[in-house]
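Single-structure report; data block below.
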Amino acid sequence: MGVKLLLDKAHVPGIRFFETYRKEGGYQAVEKALKQMDPAAIVEEVKKSGVRGRGGAGFPAGMKWSFIAKPEGVPRHLVCNADESEPGTFKDRYLMEFLPHLLIEGLIISSFALGSNDTYIYIRGEYAWIVDILEQAIDEAKAAGFLGKNILGTGFDCEIYVQRGAGAYICGEETALIESLEGKRGNPRIKPPFPAIEGLWKRPTVVNNVETLAAVVPIINMGGDEYAKIGVGRSTGTKLISACGNINKPGVYEIEMTLSVEEFLYSDEYCGGIANGKRLKACIPGGSSVPILPANLLLKTAKGETRLMNYESLSDGGFASGSMMGSGGFIVLDEDQCIVKNTYTLARFYRHESCGQCSPCREGTGWMEKILKNIDTGKGKMSDIDLLWDIQRKIEGNTICPLGDAAAWPVAAAIRHFRDEFEWHVTHPEEAQKRNYGLAHYADPIHVPA
Amino acid sequence: MSEQPLFKVTIDNITVEVPAGTSILNAARKIGGDVAPPAMCYYSKLEGSGGKCRTCLVEVSKGSEKDPRPMPKLVASCRTTVMDGMEVKNITSDRVIDARNGVVEFLLINHPLDCPVCDQAGECHLQDLSYDHGKAGTRYEFQRRTFKKHDLGDKIQLHMTRCILCYRCVFTADQLTGKREHGVLDRGDHAEIATYIEKNLDNEFIGNVIDVCPVGALTDKTFRFKNRVWFLKPVDAHRDCPTCSGKVTLWNRGDEVYRVTARKDQWGEVEDWICNTCRFDKKQTSDWVIEGPRLIDRHSVIAQGHYAGSVGTHKPTETFEAVHSGRQPKLLMDIHSVSEVNQTDITLSKLDRPAHSTDFNHNKD
């Protein structure tokens with residue numbers, strides 16, 4: 001059993017309510033931070049902790065905080081990104097639903113550190129019931145004097161507002177989120193200027209993921225140095241992984257980042273192995289937008305080392321033989337799953353969610369979806385596979401926001417690792433409608449040159 | 001007045017000095033010619049425009065003098081400001097050309113390519129762009145997307161199928177007119193320019209959206225199917241207009257005014273916004289004071305015969321000697337001094353037959 005920092009109290013009955021949460025040691029971090037520390041010291045602790053953004057990009061949170069501009073007389077804002085829409089990712093939902101006060105606590109400390117008096121939670125529109133949970137938690141915290149005017153007599157004012165999104169995946173991108181929060185169409189802005197300089201209402205803004213802000217609580221409680229000791233290398237602390245797909249025990253797990261992928265996947269403490277006694281075919285380890293990995297590259301890296309559940313190890317080998325930690329949406333595919341269909345489903349998602357602002361993403365995602373649909377339904381041509389590769393290559397890196405990359409990577413990785421399956425779909429169009437290509441050689445150990 | 005610092009930026013090996021805060025695109029436009037990246041969505045007169053079409057992508061091979069690291073991704077030159085000592089590759093970079101070809105392909109896959117019946121043909125930026133970067137064939141084998149038709153009133157014609165969603169018209173309506181009625185509805189590849197719940201665009205300056213549109217999505221209904229632009233003679237004219245500057249370009253054939261547009265500079269951008277009255281209602285030559293022919297400094301079809309400065313009088317700015325680093329040309333000789341044809345002692349009119357080389361050969365003996 002690894003260390004649990006976020007979900008250790010998740011199973012206490014009534015932890016959703018202020019009284020129980022407080023009795024279990026909640027809001028001590030707020031007291032410590034607001035009474036004993038100054039904002040710069042909190043930022044310093046977060047920097048020392050090495051906690052990386054949990055939303056997907058993995059950018060060090062302390063570094064992001066230190067970039068915030070501090071012009072005289074201009075209010076600053078903290079925005080909590082709770083627009084968790086990545087297929088396969090549902091960790092923030094769990095955290096907000098069961099431990100709303102942990103997020104509120106983290107938000108109060110972070111707002112104090114950044115000097116934000118108006119803090120926003122931008123929540124995914126589909127999480128309608130969580131809005132009520134969060135608003136109740138905010139009301140409770142306010143009644144207890146942890147929010148509102150003059151918190152704990154320190155003279156610090158902070159209000160937290162919950163804003164519901166309207167169902168767009170793109171609003172999880174921080175600048176699109178800011179646009180949407182301002183009441184505009186959720187189109188990502190062109191960077192620079194970065195939100196830390198010019199964000200919400202042209203004021204300096206920090207946008208952080210729910211889990212990142214919740215992690216501030218244990219960082220303050222135990223100190224940044226202690227926090228940094230958990231985990232390995234630059235992957236410090238614990239990470240929430242939402243596991244789903246063909247596994248015995250789907251759900252949200254808090255892991256230490258020294259855990260191996262094999263243990264996470266097969267031990268009874270975590271995923272409990274592949275469901276129905278099937279064999280592992282492939283896995284998308286970090287939410288739908290990261291490259292898919294075949295079984296033989298998932299458990300061991302191309303160099304033959306054991307792959308661990310952390311930022312560095314999952315991306316070991318680059319995109320040629322690695323993937324990404326992403327947002328921690330661990331999607332497992334067993335031998336019965338069709339990679340072509342899976343890729344088509346993802347391409348359909350990204351086509352639907354593209355904001356349509358810049359040309360490569362607007363036109364390219366639709367084009368890829370149509371070609372994949374053709375291949376999937378047995379109307380594909382061999383040249384389509386190369387065409388797909390060329391299209392994804394021309395989208396990647398040429399768009400305003402990372403949605404273009406997110407749409408291109410799954411297609412690229414599927415072709416890179418599962419090309420024979422695509423080709424089989426083209427050469428056996430009728431058979432492909434009736435049966436699955438199966439496991440092929442994807443689970444065979446790969447040859448490691450000595 | 002404090003002098004703004006000048007930044008040195010090198011684009012395609014040509015160095016230019018520009019004030020801090022200039023975008024790479026505008027620095028490249030200062031150099032001009034092929035160095036200036038194409039821009040389908042950027043419009044210098046509209047705040048916030050640019051960054052969307054991705055045709056102006058360039059490679060920054062050196063960030064600045066202080067931080068010489070190259071930028072990992074191609075950047076949109078219209079929205080990236082120059083740094084001192086920055087080195088940019090536009091047409092000298094294979095990556096840029098490849099990406100730009102890709103963008104043009106993306107822009108064209110859902111474009112109807114109905115140029116033969118499009119009023120914009122001849123002055124269409126997408127047409128120019130696809131001449132430069134497009135391929136002869138398409139790899140797109142699906143139905144091109146179509147939209148439900150929206151009627152924007154009796155002056156402006158919307159062809160949504162031709163739209164490349166550059167947002168220029170949205171910015172124009174936002175920043176130029178007091179009342180905004182149209183915008184972008186929906187998202188992704190079914191996003192469209194439309195008015196919400198079928199309204200007419202009705203505003204004294206709304207006609208300018210026709211001029212800013214880089215393609216044939218917004219065209220002049222009063223000029224619809226009247227003539228091809230390359231048959232028309234553009235002339236500068238003005239009138240005393242109470243609402244706008246009244247400085248326009250008339251597009252004539254014979255004595256007849258076919259259409260009125262704002263004057264556009266060499267980058268296809270409007271110099272002065274004009275009002276709807278000038279644009280749509282004043283179509284008599286008697287309404288206008290003609291200034292003279294409009295010279296169009298672009299390589300599109302309508303520029304035929306309308307170049308600024310004629311080709312013959314254009315003199316090279318650098319001498320042969322300067323180009324060859326001081327070396328005198330050796331192979332070139334002055335034909336007048338060497339050729340015997342020009343020797344004055346032979347009078348051709350005195351010959352009673354056609355002249356022959358032997359007539360000029362003094363060493364024939």
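Naming scheme: A, B, ... for chains in displayed order of the structure tokens; residues 1 onward per chain; ligands 1 onward as shown.
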| Shell around Lys47 of chain A at 12 Å using only C-alpha atoms, local window under 5 positions removed, as a PyMOL selection string | chain A and resi 40-42+52-53+59-67+113+216+219-220+223-225+227-228+234+236
Let me see the file: selected residues, C-alpha atoms, as a PDB file, in the first residue's frame.
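The new file part07.pdb reads:
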```pdb
ATOM      1  CA  ALA A  40       6.368  34.072  -1.250  1.00  0.00           C
ATOM      2  CA  ALA A  41       7.156  31.286   1.221  1.00  0.00           C
ATOM      3  CA  ILE A  42       4.182  29.242  -0.011  1.00  0.00           C
ATOM      4  CA  ARG A  52       3.978  19.056 -11.744  1.00  0.00           C
ATOM      5  CA  GLY A  53       0.741  20.170 -13.344  1.00  0.00           C
ATOM      6  CA  PHE A  59       4.569  21.765 -16.228  1.00  0.00           C
ATOM      7  CA  PRO A  60       6.012  22.406 -12.730  1.00  0.00           C
ATOM      8  CA  ALA A  61       3.312  24.243 -10.774  1.00  0.00           C
ATOM      9  CA  GLY A  62       5.702  26.274  -8.614  1.00  0.00           C
ATOM     10  CA  MET A  63       7.418  27.560 -11.734  1.00  0.00           C
ATOM     11  CA  LYS A  64       4.065  28.544 -13.233  1.00  0.00           C
ATOM     12  CA  TRP A  65       3.194  30.408 -10.054  1.00  0.00           C
ATOM     13  CA  SER A  66       6.451  32.326 -10.065  1.00  0.00           C
ATOM     14  CA  PHE A  67       5.772  33.591 -13.606  1.00  0.00           C
ATOM     15  CA  ALA A 113      -0.007  32.629  -2.333  1.00  0.00           C
ATOM     16  CA  VAL A 216      -0.999  22.055  -2.332  1.00  0.00           C
ATOM     17  CA  ILE A 219       2.620  20.146   0.435  1.00  0.00           C
ATOM     18  CA  ILE A 220       1.892  22.801   3.076  1.00  0.00           C
ATOM     19  CA  GLY A 223       6.579  20.786   3.697  1.00  0.00           C
ATOM     20  CA  GLY A 224       7.830  20.907   0.145  1.00  0.00           C
ATOM     21  CA  ASP A 225      11.017  18.977   0.837  1.00  0.00           C
ATOM     22  CA  TYR A 227       6.717  15.989  -0.463  1.00  0.00           C
ATOM     23  CA  ALA A 228       9.563  15.904  -2.957  1.00  0.00           C
ATOM     24  CA  ARG A 234      11.201  14.893 -11.338  1.00  0.00           C
ATOM     25  CA  THR A 236       7.331  13.909  -7.158  1.00  0.00           C
TER      26      THR A 236
END
```
| task | List every residue of segment 47-219 of chain B that DSSP, applied to the backbone, labels as alpha helix (DSSP H), and write the result as a ChimeraX atom specification. | result | /B:94-109,125-133,168-176,208-212
Against chain A, which residues of chain B fall within 8 Å? For each one I want the closest pair of atoms and the distance in Å (one decimal), counting only C-alpha atoms, rows by chain and increasing residue number, as a Markdown table.
```
| residue | atom | partner | partner_atom | distance |
| --- | --- | --- | --- | --- |
| B:Gly51 | CA | A:Ile190 | CA | 6.6 |
| B:Lys52 | CA | A:Cys358 | CA | 4.3 |
| B:Cys53 | CA | A:Cys358 | CA | 5.3 |
| B:Arg54 | CA | A:Ser359 | CA | 6.8 |
| B:Leu57 | CA | A:Asn398 | CA | 7.8 |
| B:Lys73 | CA | A:Gly397 | CA | 6.0 |
| B:Leu74 | CA | A:Asn398 | CA | 6.6 |
| B:Val75 | CA | A:Asn398 | CA | 7.8 |
| B:Arg79 | CA | A:Ile190 | CA | 7.6 |
| B:Thr80 | CA | A:Pro192 | CA | 7.7 |
| B:Ala99 | CA | A:Lys394 | CA | 6.0 |
| B:Gly102 | CA | A:Lys394 | CA | 5.8 |
| B:Val103 | CA | A:Pro360 | CA | 5.9 |
| B:Phe106 | CA | A:Glu363 | CA | 5.5 |
| B:Leu107 | CA | A:Ser359 | CA | 6.4 |
| B:Ile109 | CA | A:Glu363 | CA | 7.5 |
| B:Asn110 | CA | A:Glu363 | CA | 7.6 |
| B:Tyr140 | CA | A:Trp367 | CA | 7.7 |
| B:Phe142 | CA | A:Lys370 | CA | 7.7 |
| B:Ile164 | CA | A:Ser359 | CA | 7.7 |
| B:Leu165 | CA | A:Gln357 | CA | 7.0 |
| B:Cys166 | CA | A:Gln357 | CA | 7.9 |
| B:Arg187 | CA | A:Cys355 | CA | 4.8 |
| B:Gly188 | CA | A:Gly356 | CA | 3.7 |
| B:Asp189 | CA | A:Arg362 | CA | 5.1 |
| B:His190 | CA | A:Gly356 | CA | 7.8 |
| B:Ala191 | CA | A:Gly356 | CA | 6.3 |
```
Residues of the last selection are to be written out with C-alpha atoms, as a PDB file, in the first residue's frame.
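Contents of selection_0.pdb, freshly written:
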```pdb
ATOM      1  CA  GLY B  51      -3.011  33.549 -35.942  1.00  0.00           C
ATOM      2  CA  LYS B  52      -5.869  31.480 -37.276  1.00  0.00           C
ATOM      3  CA  CYS B  53      -5.184  30.508 -40.865  1.00  0.00           C
ATOM      4  CA  ARG B  54      -1.612  29.296 -40.226  1.00  0.00           C
ATOM      5  CA  LEU B  57       3.950  30.058 -40.286  1.00  0.00           C
ATOM      6  CA  LYS B  73       7.568  24.856 -33.318  1.00  0.00           C
ATOM      7  CA  LEU B  74       6.809  26.921 -36.362  1.00  0.00           C
ATOM      8  CA  VAL B  75       5.244  30.174 -35.244  1.00  0.00           C
ATOM      9  CA  ARG B  79       1.259  37.238 -33.990  1.00  0.00           C
ATOM     10  CA  THR B  80       4.883  36.764 -32.961  1.00  0.00           C
ATOM     11  CA  ALA B  99       3.656  23.125 -43.485  1.00  0.00           C
ATOM     12  CA  GLY B 102      -0.309  21.433 -45.868  1.00  0.00           C
ATOM     13  CA  VAL B 103      -2.317  24.426 -44.706  1.00  0.00           C
ATOM     14  CA  PHE B 106      -6.489  21.915 -45.664  1.00  0.00           C
ATOM     15  CA  LEU B 107      -8.025  25.210 -46.766  1.00  0.00           C
ATOM     16  CA  ILE B 109     -10.335  20.367 -49.202  1.00  0.00           C
ATOM     17  CA  ASN B 110     -13.709  21.808 -48.347  1.00  0.00           C
ATOM     18  CA  TYR B 140      -9.658  14.526 -50.623  1.00  0.00           C
ATOM     19  CA  PHE B 142     -15.245  12.978 -49.803  1.00  0.00           C
ATOM     20  CA  ILE B 164     -12.127  29.878 -44.631  1.00  0.00           C
ATOM     21  CA  LEU B 165     -13.189  31.204 -41.198  1.00  0.00           C
ATOM     22  CA  CYS B 166     -10.568  33.908 -41.000  1.00  0.00           C
ATOM     23  CA  ARG B 187     -17.657  24.877 -33.882  1.00  0.00           C
ATOM     24  CA  GLY B 188     -15.162  22.732 -35.678  1.00  0.00           C
ATOM     25  CA  ASP B 189     -15.605  22.058 -39.358  1.00  0.00           C
ATOM     26  CA  HIS B 190     -19.279  22.953 -39.230  1.00  0.00           C
ATOM     27  CA  ALA B 191     -18.618  26.406 -37.778  1.00  0.00           C
TER      28      ALA B 191
END
```
Got a sec: who's within 12 Å of Glu135 of chain A, counting only C-alpha atoms, leaving out chain neighbours fewer than 2 positions off, as a PDB file with C-alpha atoms, in the first residue's frame?
```
ATOM      1  CA  ARG A  16     -17.895  15.646   2.146  1.00  0.00           C
ATOM      2  CA  PHE A  17     -19.149  17.892   4.931  1.00  0.00           C
ATOM      3  CA  MET A  96     -14.468  16.984  -6.165  1.00  0.00           C
ATOM      4  CA  GLU A  97     -17.350  14.683  -5.477  1.00  0.00           C
ATOM      5  CA  PRO A 100     -14.739  18.980  -2.074  1.00  0.00           C
ATOM      6  CA  HIS A 101     -13.167  20.574   0.976  1.00  0.00           C
ATOM      7  CA  LEU A 103     -10.020  21.378  -3.228  1.00  0.00           C
ATOM      8  CA  ILE A 104     -11.456  24.394  -1.400  1.00  0.00           C
ATOM      9  CA  TYR A 120     -12.933  30.697  -9.981  1.00  0.00           C
ATOM     10  CA  ILE A 121     -13.655  27.043 -10.418  1.00  0.00           C
ATOM     11  CA  ILE A 123     -16.277  23.111 -13.970  1.00  0.00           C
ATOM     12  CA  ALA A 128     -23.922  19.420 -12.796  1.00  0.00           C
ATOM     13  CA  TRP A 129     -24.358  17.698  -9.449  1.00  0.00           C
ATOM     14  CA  ILE A 130     -20.776  18.442  -8.425  1.00  0.00           C
ATOM     15  CA  VAL A 131     -21.518  22.135  -8.761  1.00  0.00           C
ATOM     16  CA  ASP A 132     -23.998  21.742  -5.916  1.00  0.00           C
ATOM     17  CA  ILE A 133     -21.491  19.808  -3.838  1.00  0.00           C
ATOM     18  CA  ALA A 137     -18.686  23.206   0.558  1.00  0.00           C
ATOM     19  CA  ILE A 138     -17.963  26.869  -0.216  1.00  0.00           C
ATOM     20  CA  ASP A 139     -20.923  27.946   1.911  1.00  0.00           C
ATOM     21  CA  GLU A 140     -19.763  25.761   4.793  1.00  0.00           C
ATOM     22  CA  ALA A 141     -16.223  27.094   4.572  1.00  0.00           C
ATOM     23  CA  LYS A 142     -17.550  30.627   4.488  1.00  0.00           C
ATOM     24  CA  GLU A 159     -14.234  34.469  -2.660  1.00  0.00           C
ATOM     25  CA  ILE A 160     -14.582  31.303  -4.695  1.00  0.00           C
ATOM     26  CA  TYR A 161     -17.070  31.178  -7.546  1.00  0.00           C
ATOM     27  CA  VAL A 162     -18.136  28.069  -9.409  1.00  0.00           C
ATOM     28  CA  GLN A 163     -18.797  28.520 -13.105  1.00  0.00           C
ATOM     29  CA  ARG A 164     -20.259  25.770 -15.246  1.00  0.00           C
TER      30      ARG A 164
END
```
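Closest approach to Val206 of chain A among A:Lys48, A:Lys70, A:Lys184, A:Arg22 is made by A:Lys70 (distances from only C-alpha atoms).
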| message | If DSSP is run on the backbone, what residues of segment 297-351 of chain A are strand (DSSP E)? A reply as a VMD selection string would be ideal. | response | chain A and resid 329 to 334
| note | Taken to one decimal, the atom CA of Ala39 of chain B-atom CA of Gly268 of chain B distance is 9.9 Å
Find the residues around Thr161 of chain B up to 7 Å (only C-alpha atoms counted), leave out those fewer than 2 positions away in its own chain, and share them as a JSON list (two decimals) with C-alpha atoms, in the first residue's frame.
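Result file part-v6.json:
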```json
[["chain", "number", "residue", "atom", "x", "y", "z"],
["B", 111, "HIS", "CA", -13.52, 24.77, -50.67],
["B", 112, "PRO", "CA", -15.99, 24.37, -53.55],
["B", 145, "ARG", "CA", -19.21, 20.36, -46.84],
["B", 146, "THR", "CA", -22.27, 22.45, -47.49],
["B", 147, "PHE", "CA", -24.31, 24.76, -45.35],
["B", 159, "HIS", "CA", -21.43, 31.86, -49.65],
["B", 163, "CYS", "CA", -15.49, 30.66, -46.23]]
```
| query | What is the distance between atom CA of Arg54 of chain A and atom CA of Thr212 of chain A, in Å to one decimal? | reply | 5.5 Å
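Rounded to one decimal, atom CA of Ile197 of chain A and atom CA of Cys78 of chain B lie 19.9 Å from each other.
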| task | Could you give me, as a list in words, the residues within 12 Å of segment 195-198 of chain B, counting only C-alpha atoms and dropping anything in the same chain fewer than 4 positions from it? | result | Lys148, Lys149, His150, Asp151, Leu152, Gly153, Leu158, Val170, Ala173, Arg180, Glu181, His182, Gly183, Val184, Leu185, Asp186 and Asp202 of chain B
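In this comparison, which uses only C-alpha atoms, the residue of A:Gly329, A:Pro218, A:Pro75, A:Gly438 approaching Ile292 of chain A most closely is A:Gly329.
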| So which residues touch Thr92 of chain B within 6 Å, counting only C-alpha atoms, skipping near sequence neighbours fewer than 2 positions away, as a ChimeraX atom specification? | /B:12,89-90
